[in-house]
file query13.cif (mmCIF, C-alpha atoms and all ligand atoms)
data_work
#
loop_
_atom_site.label_atom_id
_atom_site.label_comp_id
_atom_site.auth_asym_id
_atom_site.auth_seq_id
_atom_site.Cartn_x
_atom_site.Cartn_y
_atom_site.Cartn_z
CA MET A 30 53.10 -5.95 -42.89
CA ASN A 31 56.37 -7.53 -41.83
CA ILE A 32 56.97 -10.81 -43.74
CA GLN A 33 57.87 -12.80 -40.64
CA TYR A 34 54.69 -11.66 -38.88
CA ARG A 35 52.68 -12.47 -42.01
CA VAL A 36 53.98 -16.04 -42.28
CA GLY A 37 53.54 -16.59 -38.53
CA ALA A 38 49.96 -15.28 -38.62
CA ARG A 39 49.17 -17.44 -41.68
CA LYS A 40 50.52 -20.55 -39.92
CA SER A 41 48.50 -19.69 -36.84
CA VAL A 42 45.29 -19.36 -38.90
CA LEU A 43 45.93 -22.67 -40.70
CA ARG A 44 46.44 -24.32 -37.29
CA LYS A 45 43.19 -22.87 -35.94
CA LEU A 46 41.40 -24.21 -39.02
CA GLY A 47 43.00 -27.65 -38.73
CA LEU A 48 44.64 -27.18 -42.15
CA ALA A 49 48.29 -26.83 -41.07
CA SER A 50 49.27 -30.39 -42.01
CA LEU A 51 47.37 -30.23 -45.30
CA VAL A 52 48.46 -26.95 -46.94
CA GLU A 53 51.35 -24.49 -46.70
CA THR A 54 51.31 -20.75 -46.21
CA SER A 55 52.69 -20.12 -49.73
CA THR A 56 50.74 -18.40 -52.50
CA PHE A 57 49.97 -19.91 -55.89
CA ASP A 58 50.60 -18.68 -59.43
CA ILE A 59 47.10 -17.92 -60.72
CA GLU A 60 48.00 -15.21 -63.23
CA THR A 61 46.76 -16.94 -66.40
CA ALA A 62 43.55 -18.30 -64.85
CA HIS A 63 42.92 -14.94 -63.17
CA ALA A 64 43.32 -12.98 -66.46
CA ALA A 65 40.88 -15.37 -68.19
CA LEU A 66 38.40 -14.92 -65.34
CA VAL A 67 38.58 -11.12 -65.60
CA ARG A 68 37.91 -11.30 -69.39
CA ARG A 69 34.94 -13.64 -68.88
CA GLN A 70 33.30 -11.21 -66.43
CA ALA A 71 33.23 -8.46 -69.07
CA VAL A 72 30.52 -10.28 -71.07
CA PRO A 73 26.91 -10.63 -69.85
CA GLU A 74 25.79 -14.22 -69.35
CA ARG A 75 22.64 -16.21 -68.50
CA ILE A 76 23.41 -19.05 -66.08
CA LEU A 77 21.08 -21.98 -65.37
CA THR A 78 21.78 -23.71 -62.09
CA ASP A 79 19.90 -25.48 -59.27
CA GLY A 80 16.59 -24.78 -60.98
CA LEU A 81 17.36 -21.04 -61.13
CA VAL A 82 17.70 -18.78 -64.19
CA VAL A 83 20.25 -16.09 -63.40
CA ASP A 84 21.14 -13.14 -65.63
CA VAL A 85 24.58 -11.72 -64.90
CA PRO A 86 25.39 -8.28 -66.33
CA ALA A 87 28.89 -7.45 -67.55
CA GLY A 88 31.05 -6.39 -64.64
CA VAL A 89 29.13 -8.37 -62.02
CA TYR A 90 30.79 -11.56 -60.67
CA HIS A 91 29.85 -14.59 -62.79
CA PRO A 92 28.79 -17.70 -60.84
CA LEU A 93 30.28 -20.16 -63.34
CA PRO A 94 30.24 -23.93 -62.61
CA ASP A 95 33.73 -23.93 -61.02
CA SER A 96 33.24 -20.57 -59.25
CA SER A 97 33.30 -19.86 -55.53
CA SER A 98 29.54 -19.13 -55.77
CA GLU A 99 28.86 -22.77 -56.67
CA PHE A 100 31.31 -23.82 -53.94
CA PHE A 101 29.16 -21.88 -51.43
CA ILE A 102 25.90 -23.30 -52.76
CA ARG A 103 27.22 -26.88 -52.55
CA ASN A 104 28.07 -26.35 -48.87
CA ILE A 105 25.00 -24.29 -47.96
CA LYS A 106 22.83 -27.14 -49.28
CA ALA A 107 24.09 -29.33 -46.42
CA MET A 108 23.07 -26.86 -43.69
CA ASP A 109 20.11 -27.54 -41.41
CA GLN A 110 17.79 -24.78 -42.58
CA THR A 111 15.29 -25.39 -39.78
CA ARG A 112 17.74 -23.59 -37.45
CA ILE A 113 18.09 -20.60 -39.78
CA HIS A 114 15.30 -18.01 -39.63
CA LYS A 115 17.01 -14.94 -41.02
CA THR A 116 19.95 -14.73 -43.44
CA LEU A 117 22.07 -11.85 -44.67
CA GLU A 118 24.31 -12.02 -47.70
CA ILE A 119 26.97 -9.35 -48.06
CA GLY A 120 28.26 -8.90 -51.63
CA ALA A 121 25.41 -10.78 -53.29
CA GLY A 122 26.54 -9.98 -56.87
CA CYS A 123 23.87 -11.30 -59.26
CA GLY A 124 22.18 -12.81 -56.20
CA ILE A 125 22.74 -16.50 -56.87
CA ILE A 126 23.45 -17.59 -53.27
CA SER A 127 20.56 -15.57 -51.84
CA LEU A 128 18.30 -16.81 -54.63
CA TYR A 129 19.20 -20.38 -53.72
CA MET A 130 18.31 -19.72 -50.07
CA ALA A 131 15.08 -17.89 -50.97
CA ALA A 132 14.06 -20.75 -53.27
CA ASN A 133 14.86 -23.60 -50.89
CA TRP A 134 14.64 -22.28 -47.34
CA THR A 135 11.84 -20.73 -45.34
CA SER A 136 14.13 -18.09 -43.77
CA GLN A 137 13.86 -14.36 -44.49
CA THR A 138 16.60 -13.45 -47.00
CA PHE A 139 18.45 -10.11 -47.11
CA ALA A 140 20.93 -9.53 -49.95
CA THR A 141 23.23 -6.52 -50.21
CA ASP A 142 26.13 -5.36 -52.37
CA ILE A 143 28.32 -2.29 -52.61
CA SER A 144 27.51 -2.16 -56.35
CA PRO A 145 24.10 -0.74 -57.36
CA ILE A 146 24.30 -2.74 -60.64
CA ALA A 147 24.65 -5.95 -58.62
CA VAL A 148 21.65 -5.02 -56.45
CA GLU A 149 19.55 -4.34 -59.58
CA ALA A 150 20.63 -7.73 -60.95
CA THR A 151 19.66 -9.50 -57.70
CA LEU A 152 16.21 -7.88 -57.70
CA ALA A 153 15.67 -8.64 -61.42
CA ASN A 154 16.75 -12.26 -60.89
CA ALA A 155 14.41 -12.62 -57.90
CA ASP A 156 11.54 -11.42 -60.15
CA LEU A 157 12.63 -13.71 -62.98
CA ASN A 158 12.46 -16.72 -60.65
CA GLY A 159 9.31 -15.62 -58.76
CA LEU A 160 11.21 -15.37 -55.46
CA SER A 161 10.87 -13.00 -52.56
CA LEU A 162 13.90 -11.37 -50.91
CA THR A 163 15.01 -7.94 -49.72
CA ALA A 164 17.96 -6.42 -51.58
CA PHE A 165 19.67 -3.06 -51.18
CA GLN A 166 23.00 -1.31 -51.67
CA SER A 167 25.34 -1.21 -48.68
CA ASP A 168 29.09 -1.05 -48.13
CA LEU A 169 29.46 -4.07 -45.81
CA PHE A 170 27.15 -3.40 -42.80
CA GLU A 171 26.86 0.37 -43.36
CA LYS A 172 23.05 0.24 -43.86
CA ILE A 173 22.29 -2.81 -41.74
CA GLU A 174 20.82 -2.30 -38.30
CA GLU A 175 19.52 -5.79 -37.44
CA ARG A 176 21.61 -7.83 -35.03
CA ASP A 177 19.80 -11.14 -35.23
CA PHE A 178 20.94 -12.90 -38.41
CA ASP A 179 21.33 -16.66 -37.95
CA LEU A 180 23.58 -16.89 -40.98
CA ILE A 181 25.73 -14.15 -42.53
CA VAL A 182 27.35 -15.09 -45.84
CA PHE A 183 30.06 -13.30 -47.80
CA ASN A 184 31.64 -14.93 -50.85
CA THR A 185 34.50 -12.53 -50.34
CA PRO A 186 36.70 -11.11 -53.08
CA MET A 187 39.70 -13.31 -52.31
CA ILE A 188 42.88 -12.30 -54.09
CA ASP A 189 45.46 -10.20 -52.21
CA LYS A 190 46.32 -7.97 -55.17
CA THR A 191 46.02 -4.27 -55.97
CA PRO A 192 43.05 -4.03 -58.36
CA GLU A 193 43.75 -2.83 -61.90
CA ASN A 194 40.15 -2.59 -63.15
CA ASP A 195 36.60 -2.46 -61.75
CA ILE A 196 35.93 -6.21 -61.80
CA GLU A 197 39.11 -6.78 -59.81
CA LYS A 198 38.26 -3.88 -57.49
CA TYR A 199 34.75 -5.05 -56.59
CA SER A 200 34.55 -8.78 -57.23
CA LEU A 201 37.97 -10.41 -57.22
CA CYS A 202 40.57 -8.57 -55.14
CA ASP A 203 40.91 -7.89 -51.44
CA PRO A 204 44.24 -6.07 -51.10
CA HIS A 205 45.88 -6.79 -47.73
CA GLY A 206 42.67 -8.53 -46.65
CA MET A 207 41.11 -5.18 -45.76
CA ILE A 208 37.59 -6.17 -46.85
CA THR A 209 37.74 -9.50 -45.01
CA GLU A 210 39.07 -7.85 -41.87
CA SER A 211 36.33 -5.17 -41.82
CA TYR A 212 33.71 -7.82 -42.55
CA LEU A 213 34.80 -9.94 -39.58
CA ARG A 214 35.08 -7.00 -37.21
CA GLN A 215 31.56 -5.80 -38.12
CA ALA A 216 29.74 -9.12 -38.66
CA ARG A 217 30.03 -10.06 -34.98
CA HIS A 218 27.62 -7.21 -34.12
CA HIS A 219 24.94 -8.49 -36.51
CA VAL A 220 24.92 -12.25 -35.93
CA SER A 221 22.53 -13.91 -33.46
CA LYS A 222 23.94 -15.57 -30.31
CA ASP A 223 24.29 -19.02 -31.89
CA GLY A 224 24.55 -17.75 -35.44
CA LEU A 225 27.24 -18.42 -38.01
CA ILE A 226 29.31 -16.00 -40.09
CA ILE A 227 30.82 -17.50 -43.26
CA PHE A 228 33.34 -16.22 -45.81
CA SER A 229 35.94 -17.51 -48.26
CA ILE A 230 39.74 -17.69 -48.36
CA CYS A 231 42.32 -19.36 -50.64
CA ASN A 232 46.14 -19.69 -51.04
CA ASN A 233 46.24 -16.14 -52.37
CA SER A 234 44.03 -14.43 -49.77
CA ALA A 235 45.55 -12.29 -47.03
CA TYR A 236 43.94 -14.65 -44.51
CA GLU A 237 46.51 -13.63 -41.90
CA VAL A 238 44.09 -10.78 -41.02
CA MET A 239 41.89 -13.37 -39.28
CA ASP A 240 44.53 -14.19 -36.69
CA PRO A 241 44.18 -11.27 -34.24
CA ILE A 242 40.37 -11.21 -34.48
CA ASP A 243 38.74 -12.95 -31.54
CA LEU A 244 36.28 -15.29 -33.27
CA ASP A 245 35.93 -19.04 -33.09
CA TYR A 246 36.88 -20.28 -36.58
CA SER A 247 36.08 -23.60 -38.24
CA ILE A 248 36.07 -25.06 -41.73
CA VAL A 249 32.67 -25.17 -43.42
CA GLY A 250 33.93 -26.20 -46.86
CA PHE A 251 37.33 -27.05 -48.34
CA GLU A 252 38.52 -27.87 -51.87
CA LEU A 253 41.95 -28.81 -53.19
CA GLY A 254 42.12 -27.74 -56.83
CA TYR A 255 44.61 -28.09 -59.67
CA SER A 256 48.33 -28.19 -58.82
CA GLY A 257 47.95 -27.25 -55.18
CA PHE A 258 45.39 -24.45 -55.38
CA TRP A 259 43.06 -24.61 -52.40
CA ARG A 260 40.07 -22.63 -51.23
CA ALA A 261 37.97 -22.80 -48.11
CA ILE A 262 34.71 -21.54 -46.71
CA VAL A 263 35.40 -20.51 -43.14
CA GLY A 264 32.82 -20.33 -40.38
CA ALA A 265 33.21 -17.85 -37.52
CA ARG A 266 31.23 -17.74 -34.29
CA ILE A 267 31.31 -15.17 -31.50
C1 LIG B 1 33.26 -12.80 -55.34
S1 LIG B 1 31.91 -11.72 -55.65
C2 LIG B 1 30.57 -12.74 -55.10
C3 LIG B 1 29.24 -12.40 -55.73
C4 LIG B 1 28.11 -13.38 -55.36
N1 LIG B 1 27.91 -13.45 -53.94
C5 LIG B 1 28.38 -14.75 -55.89
O1 LIG B 1 28.75 -15.62 -55.10
O2 LIG B 1 28.23 -14.96 -57.12
C6 LIG B 1 32.09 -10.51 -54.34
C7 LIG B 1 30.98 -9.47 -54.29
O3 LIG B 1 31.25 -8.61 -53.17
C8 LIG B 1 30.89 -7.29 -53.49
N2 LIG B 1 31.62 -6.39 -52.59
C9 LIG B 1 32.93 -6.06 -52.62
N3 LIG B 1 33.23 -5.21 -51.62
C10 LIG B 1 32.08 -5.01 -50.93
C11 LIG B 1 31.73 -4.23 -49.78
N4 LIG B 1 32.64 -3.46 -49.17
N5 LIG B 1 30.46 -4.25 -49.34
C12 LIG B 1 29.52 -5.01 -49.98
N6 LIG B 1 29.78 -5.75 -51.08
C13 LIG B 1 31.04 -5.77 -51.54
C14 LIG B 1 31.25 -7.16 -54.96
O4 LIG B 1 30.56 -6.10 -55.59
C15 LIG B 1 30.88 -8.55 -55.49
O5 LIG B 1 29.56 -8.57 -55.98
#
call {"tool": "encode", "arguments": {"input": "query13.cif", "output": "structure tokens", "more": "lines below"}}
Ligand SMILES: C[S@@+](CC[C@H](N)C(=O)[O-])C[C@H]1O[C@@H](n2cnc3c(N)ncnc32)[C@H](O)[C@@H]1O
result
Amino acid sequence: MNIQYRVGARKSVLRKLGLASLVETSTFDIETAHAALVRRQAVPERILTDGLVVDVPAGVYHPLPDSSSEFFIRNIKAMDQTRIHKTLEIGAGCGIISLYMAANWTSQTFATDISPIAVEATLANADLNGLSLTAFQSDLFEKIEERDFDLIVFNTPMIDKTPENDIEKYSLCDPHGMITESYLRQARHHVSKDGLIIFSICNNSAYEVMDPIDLDYSIVGFELGYSGFWRAIVGARI
């Protein structure tokens, strides 16, 4: 992608989100933190959060206290669940976001992931916590026929970087925003009329891919982190 187009499209997205006077289009040096995150994901871990016990196998994204998973849960907690009857999570990983919804909401919960190990982990964690949800393997919406989800969630792999290992490939990296772009182009066919599609971006995401896609964007959650790092949960409506 031409650099000038990229910067212009990034500015345009920040304007649509109301962030243009708050953050710049530049990326952020996350190399050291990113390398530490990759190493941490190689070790299995049991995480206790929000009354849930969650086992995370090696290689599956770890919902650590400062992770994007917790960022989603903090924001999802504030939603009016009485308006949400059916939810779909794409890329559920160990299942933590779907488990939170299954534990606290009355809606039907569907959780999917491209990784069969992640799907097994979600199902095992649902059992461990005595929760009921439907989980299966799917590459984005490949195996999803329903078109009436009130909420579609994807804690997207965010970093615009060519993956160098499996954890980067599945959980952390979205080179050129290709996953985010496909997600947005497909999600519109599966959300209910007044439903909400949510996903994540940060300084280092290729969020410029959002610009040409005709969806009504808004900010659902926003955090300014250390030294200028920012991340956001974006809402999209048809
Ligand atoms: C950042 S992790 C989030 C995991 C979990 N939702 C959480 O918040 O802890 C992104 C997840 O997306 C999954 N993923 C990546 N590409 C995918 C695709 N094309 N279709 C479905 N899932 C995908 C990965 O396997 C990974 O589990």
call {"tool": "residues_near_ligand", "arguments": {"input": "query13.cif", "ligand": "ligand LIG 1 (chain B)", "cutoff": "9 Å", "atoms": "all atoms listed in the file", "output": "VMD selection string"}}
result
chain A and resid 89 to 93 96 to 102 118 to 127 140 to 148 166 to 171 182 to 187 196 198 to 203 208 to 209 211 to 212 229
call {"tool": "atom_distance", "arguments": {"input": "query13.cif", "atom1": "CA of Asn233 (chain A)", "atom2": "CA of Thr56 (chain A)"}}
result
5.0 Å
call {"tool": "atom_distance", "arguments": {"input": "query13.cif", "atom1": "CA of Trp259 (chain A)", "atom2": "CA of Cys231 (chain A)"}}
result
5.6 Å
call {"tool": "atom_distance", "arguments": {"input": "query13.cif", "atom1": "CA of Ile227 (chain A)", "atom2": "CA of Gly264 (chain A)"}}
result
4.5 Å
call {"tool": "closest_residue", "arguments": {"input": "query13.cif", "among": "A:Ser221, A:Ser41, A:Thr111, A:Ser234", "to": "Pro204 (chain A)", "atoms": "all atoms listed in the file"}}
result
A:Ser234
call {"tool": "closest_residue", "arguments": {"input": "query13.cif", "among": "A:His114, A:Arg176, A:Arg44, A:Arg39", "to": "Val220 (chain A)", "atoms": "all atoms listed in the file"}}
result
A:Arg176
call {"tool": "closest_residue", "arguments": {"input": "query13.cif", "among": "A:Ala155, A:Leu244, A:Val238, A:Ile262", "to": "Met30 (chain A)", "atoms": "all atoms listed in the file"}}
result
A:Val238
call {"tool": "residues_around", "arguments": {"input": "query13.cif", "residues": "Leu48 (chain A)", "least_positions_apart": "4", "cutoff": "12 Å", "atoms": "all atoms listed in the file", "output": "list in words"}}
result
Arg39, Lys40, Ser41, Val42, Leu43, Arg44, Val52, Glu53, Thr54, Cys231, Asn232, Tyr246, Ser247, Ile248, Gly250, Phe251, Glu252, Leu253, Trp259, Arg260, Ala261 and Val263 of chain A
call {"tool": "closest_residue", "arguments": {"input": "query13.cif", "among": "A:Thr116, A:Gln110, A:Asn31, A:Gln70", "to": "Glu175 (chain A)", "atoms": "only C-alpha atoms"}}
result
A:Thr116
call {"tool": "residues_around", "arguments": {"input": "query13.cif", "residues": "Asp156 (chain A)", "least_positions_apart": "4", "cutoff": "12 Å", "atoms": "all atoms listed in the file", "output": "MDAnalysis selection string"}}
result
chainID A and resid 81:84 124 128 131:132 149:152 160:164
call {"tool": "closest_residue", "arguments": {"input": "query13.cif", "among": "A:Leu117, A:Leu51, A:Ala62, A:Ile242", "to": "Glu210 (chain A)", "atoms": "all atoms listed in the file"}}
result
A:Ile242
call {"tool": "residues_near_point", "arguments": {"input": "query13.cif", "point": "(31.0, -7.4, -68.0)", "cutoff": "6 Å", "atoms": "all atoms listed in the file", "output": "PyMOL selection string"}}
result
chain A and resi 70-73+86-88
call {"tool": "build_atoms", "arguments": {"input": "query13.cif", "residues": "region 108-141 of chain A", "atoms": "N, CA and C atoms", "output": "PDB file, in the frame of the given file"}}
result
ATOM      1  N   MET A 108      23.388 -27.452 -45.005  1.00  0.00           N
ATOM      2  CA  MET A 108      23.070 -26.860 -43.690  1.00  0.00           C
ATOM      3  C   MET A 108      21.648 -27.220 -43.261  1.00  0.00           C
ATOM      4  N   ASP A 109      21.442 -27.244 -41.944  1.00  0.00           N
ATOM      5  CA  ASP A 109      20.110 -27.540 -41.410  1.00  0.00           C
ATOM      6  C   ASP A 109      19.305 -26.244 -41.385  1.00  0.00           C
ATOM      7  N   GLN A 110      18.488 -26.058 -42.422  1.00  0.00           N
ATOM      8  CA  GLN A 110      17.790 -24.780 -42.580  1.00  0.00           C
ATOM      9  C   GLN A 110      16.722 -24.542 -41.513  1.00  0.00           C
ATOM     10  N   THR A 111      16.331 -25.592 -40.787  1.00  0.00           N
ATOM     11  CA  THR A 111      15.290 -25.390 -39.780  1.00  0.00           C
ATOM     12  C   THR A 111      15.814 -24.515 -38.625  1.00  0.00           C
ATOM     13  N   ARG A 112      17.159 -24.414 -38.531  1.00  0.00           N
ATOM     14  CA  ARG A 112      17.740 -23.590 -37.450  1.00  0.00           C
ATOM     15  C   ARG A 112      18.044 -22.170 -37.925  1.00  0.00           C
ATOM     16  N   ILE A 113      17.724 -21.903 -39.202  1.00  0.00           N
ATOM     17  CA  ILE A 113      18.090 -20.600 -39.780  1.00  0.00           C
ATOM     18  C   ILE A 113      16.803 -19.842 -40.132  1.00  0.00           C
ATOM     19  N   HIS A 114      16.554 -18.749 -39.417  1.00  0.00           N
ATOM     20  CA  HIS A 114      15.300 -18.010 -39.630  1.00  0.00           C
ATOM     21  C   HIS A 114      15.526 -16.722 -40.420  1.00  0.00           C
ATOM     22  N   LYS A 115      16.760 -16.233 -40.372  1.00  0.00           N
ATOM     23  CA  LYS A 115      17.010 -14.940 -41.020  1.00  0.00           C
ATOM     24  C   LYS A 115      18.446 -14.939 -41.553  1.00  0.00           C
ATOM     25  N   THR A 116      18.602 -14.711 -42.852  1.00  0.00           N
ATOM     26  CA  THR A 116      19.950 -14.730 -43.440  1.00  0.00           C
ATOM     27  C   THR A 116      20.290 -13.374 -44.048  1.00  0.00           C
ATOM     28  N   LEU A 117      21.570 -13.072 -44.022  1.00  0.00           N
ATOM     29  CA  LEU A 117      22.070 -11.850 -44.670  1.00  0.00           C
ATOM     30  C   LEU A 117      23.218 -12.251 -45.577  1.00  0.00           C
ATOM     31  N   GLU A 118      23.140 -11.842 -46.837  1.00  0.00           N
ATOM     32  CA  GLU A 118      24.310 -12.020 -47.700  1.00  0.00           C
ATOM     33  C   GLU A 118      24.921 -10.656 -47.990  1.00  0.00           C
ATOM     34  N   ILE A 119      26.195 -10.545 -47.692  1.00  0.00           N
ATOM     35  CA  ILE A 119      26.970  -9.350 -48.060  1.00  0.00           C
ATOM     36  C   ILE A 119      27.605  -9.652 -49.414  1.00  0.00           C
ATOM     37  N   GLY A 120      27.613  -8.682 -50.332  1.00  0.00           N
ATOM     38  CA  GLY A 120      28.260  -8.900 -51.630  1.00  0.00           C
ATOM     39  C   GLY A 120      27.533  -9.951 -52.447  1.00  0.00           C
ATOM     40  N   ALA A 121      26.241  -9.747 -52.648  1.00  0.00           N
ATOM     41  CA  ALA A 121      25.410 -10.780 -53.290  1.00  0.00           C
ATOM     42  C   ALA A 121      25.652 -10.901 -54.797  1.00  0.00           C
ATOM     43  N   GLY A 122      26.289  -9.910 -55.419  1.00  0.00           N
ATOM     44  CA  GLY A 122      26.540  -9.980 -56.870  1.00  0.00           C
ATOM     45  C   GLY A 122      25.229 -10.109 -57.616  1.00  0.00           C
ATOM     46  N   CYS A 123      25.118 -11.106 -58.507  1.00  0.00           N
ATOM     47  CA  CYS A 123      23.870 -11.300 -59.260  1.00  0.00           C
ATOM     48  C   CYS A 123      22.805 -11.953 -58.385  1.00  0.00           C
ATOM     49  N   GLY A 124      23.169 -12.322 -57.160  1.00  0.00           N
ATOM     50  CA  GLY A 124      22.180 -12.810 -56.200  1.00  0.00           C
ATOM     51  C   GLY A 124      22.117 -14.317 -56.049  1.00  0.00           C
ATOM     52  N   ILE A 125      22.965 -15.048 -56.761  1.00  0.00           N
ATOM     53  CA  ILE A 125      22.740 -16.500 -56.870  1.00  0.00           C
ATOM     54  C   ILE A 125      22.643 -17.235 -55.529  1.00  0.00           C
ATOM     55  N   ILE A 126      23.479 -16.867 -54.552  1.00  0.00           N
ATOM     56  CA  ILE A 126      23.450 -17.590 -53.270  1.00  0.00           C
ATOM     57  C   ILE A 126      22.152 -17.251 -52.527  1.00  0.00           C
ATOM     58  N   SER A 127      21.809 -15.977 -52.501  1.00  0.00           N
ATOM     59  CA  SER A 127      20.560 -15.570 -51.840  1.00  0.00           C
ATOM     60  C   SER A 127      19.348 -16.157 -52.546  1.00  0.00           C
ATOM     61  N   LEU A 128      19.419 -16.231 -53.881  1.00  0.00           N
ATOM     62  CA  LEU A 128      18.300 -16.810 -54.630  1.00  0.00           C
ATOM     63  C   LEU A 128      18.135 -18.279 -54.258  1.00  0.00           C
ATOM     64  N   TYR A 129      19.272 -18.972 -54.119  1.00  0.00           N
ATOM     65  CA  TYR A 129      19.200 -20.380 -53.720  1.00  0.00           C
ATOM     66  C   TYR A 129      18.506 -20.496 -52.356  1.00  0.00           C
ATOM     67  N   MET A 130      18.903 -19.636 -51.413  1.00  0.00           N
ATOM     68  CA  MET A 130      18.310 -19.720 -50.070  1.00  0.00           C
ATOM     69  C   MET A 130      16.823 -19.350 -50.121  1.00  0.00           C
ATOM     70  N   ALA A 131      16.483 -18.312 -50.886  1.00  0.00           N
ATOM     71  CA  ALA A 131      15.080 -17.890 -50.970  1.00  0.00           C
ATOM     72  C   ALA A 131      14.220 -18.979 -51.624  1.00  0.00           C
ATOM     73  N   ALA A 132      14.824 -19.712 -52.554  1.00  0.00           N
ATOM     74  CA  ALA A 132      14.060 -20.750 -53.270  1.00  0.00           C
ATOM     75  C   ALA A 132      13.880 -22.010 -52.430  1.00  0.00           C
ATOM     76  N   ASN A 133      14.852 -22.288 -51.553  1.00  0.00           N
ATOM     77  CA  ASN A 133      14.860 -23.600 -50.890  1.00  0.00           C
ATOM     78  C   ASN A 133      14.658 -23.566 -49.388  1.00  0.00           C
ATOM     79  N   TRP A 134      14.770 -22.385 -48.791  1.00  0.00           N
ATOM     80  CA  TRP A 134      14.640 -22.280 -47.340  1.00  0.00           C
ATOM     81  C   TRP A 134      13.435 -21.418 -46.990  1.00  0.00           C
ATOM     82  N   THR A 135      12.987 -21.546 -45.754  1.00  0.00           N
ATOM     83  CA  THR A 135      11.840 -20.730 -45.340  1.00  0.00           C
ATOM     84  C   THR A 135      12.305 -19.441 -44.641  1.00  0.00           C
ATOM     85  N   SER A 136      13.618 -19.271 -44.494  1.00  0.00           N
ATOM     86  CA  SER A 136      14.130 -18.090 -43.770  1.00  0.00           C
ATOM     87  C   SER A 136      13.897 -16.804 -44.575  1.00  0.00           C
ATOM     88  N   GLN A 137      13.902 -15.683 -43.854  1.00  0.00           N
ATOM     89  CA  GLN A 137      13.860 -14.360 -44.490  1.00  0.00           C
ATOM     90  C   GLN A 137      15.228 -14.094 -45.086  1.00  0.00           C
ATOM     91  N   THR A 138      15.300 -13.635 -46.341  1.00  0.00           N
ATOM     92  CA  THR A 138      16.600 -13.450 -47.000  1.00  0.00           C
ATOM     93  C   THR A 138      16.859 -11.969 -47.282  1.00  0.00           C
ATOM     94  N   PHE A 139      18.003 -11.474 -46.806  1.00  0.00           N
ATOM     95  CA  PHE A 139      18.450 -10.110 -47.110  1.00  0.00           C
ATOM     96  C   PHE A 139      19.715 -10.209 -47.942  1.00  0.00           C
ATOM     97  N   ALA A 140      19.757  -9.486 -49.068  1.00  0.00           N
ATOM     98  CA  ALA A 140      20.930  -9.530 -49.950  1.00  0.00           C
ATOM     99  C   ALA A 140      21.412  -8.108 -50.191  1.00  0.00           C
ATOM    100  N   THR A 141      22.703  -7.869 -50.014  1.00  0.00           N
ATOM    101  CA  THR A 141      23.230  -6.520 -50.210  1.00  0.00           C
ATOM    102  C   THR A 141      24.492  -6.575 -51.064  1.00  0.00           C
TER     103      THR A 141
END
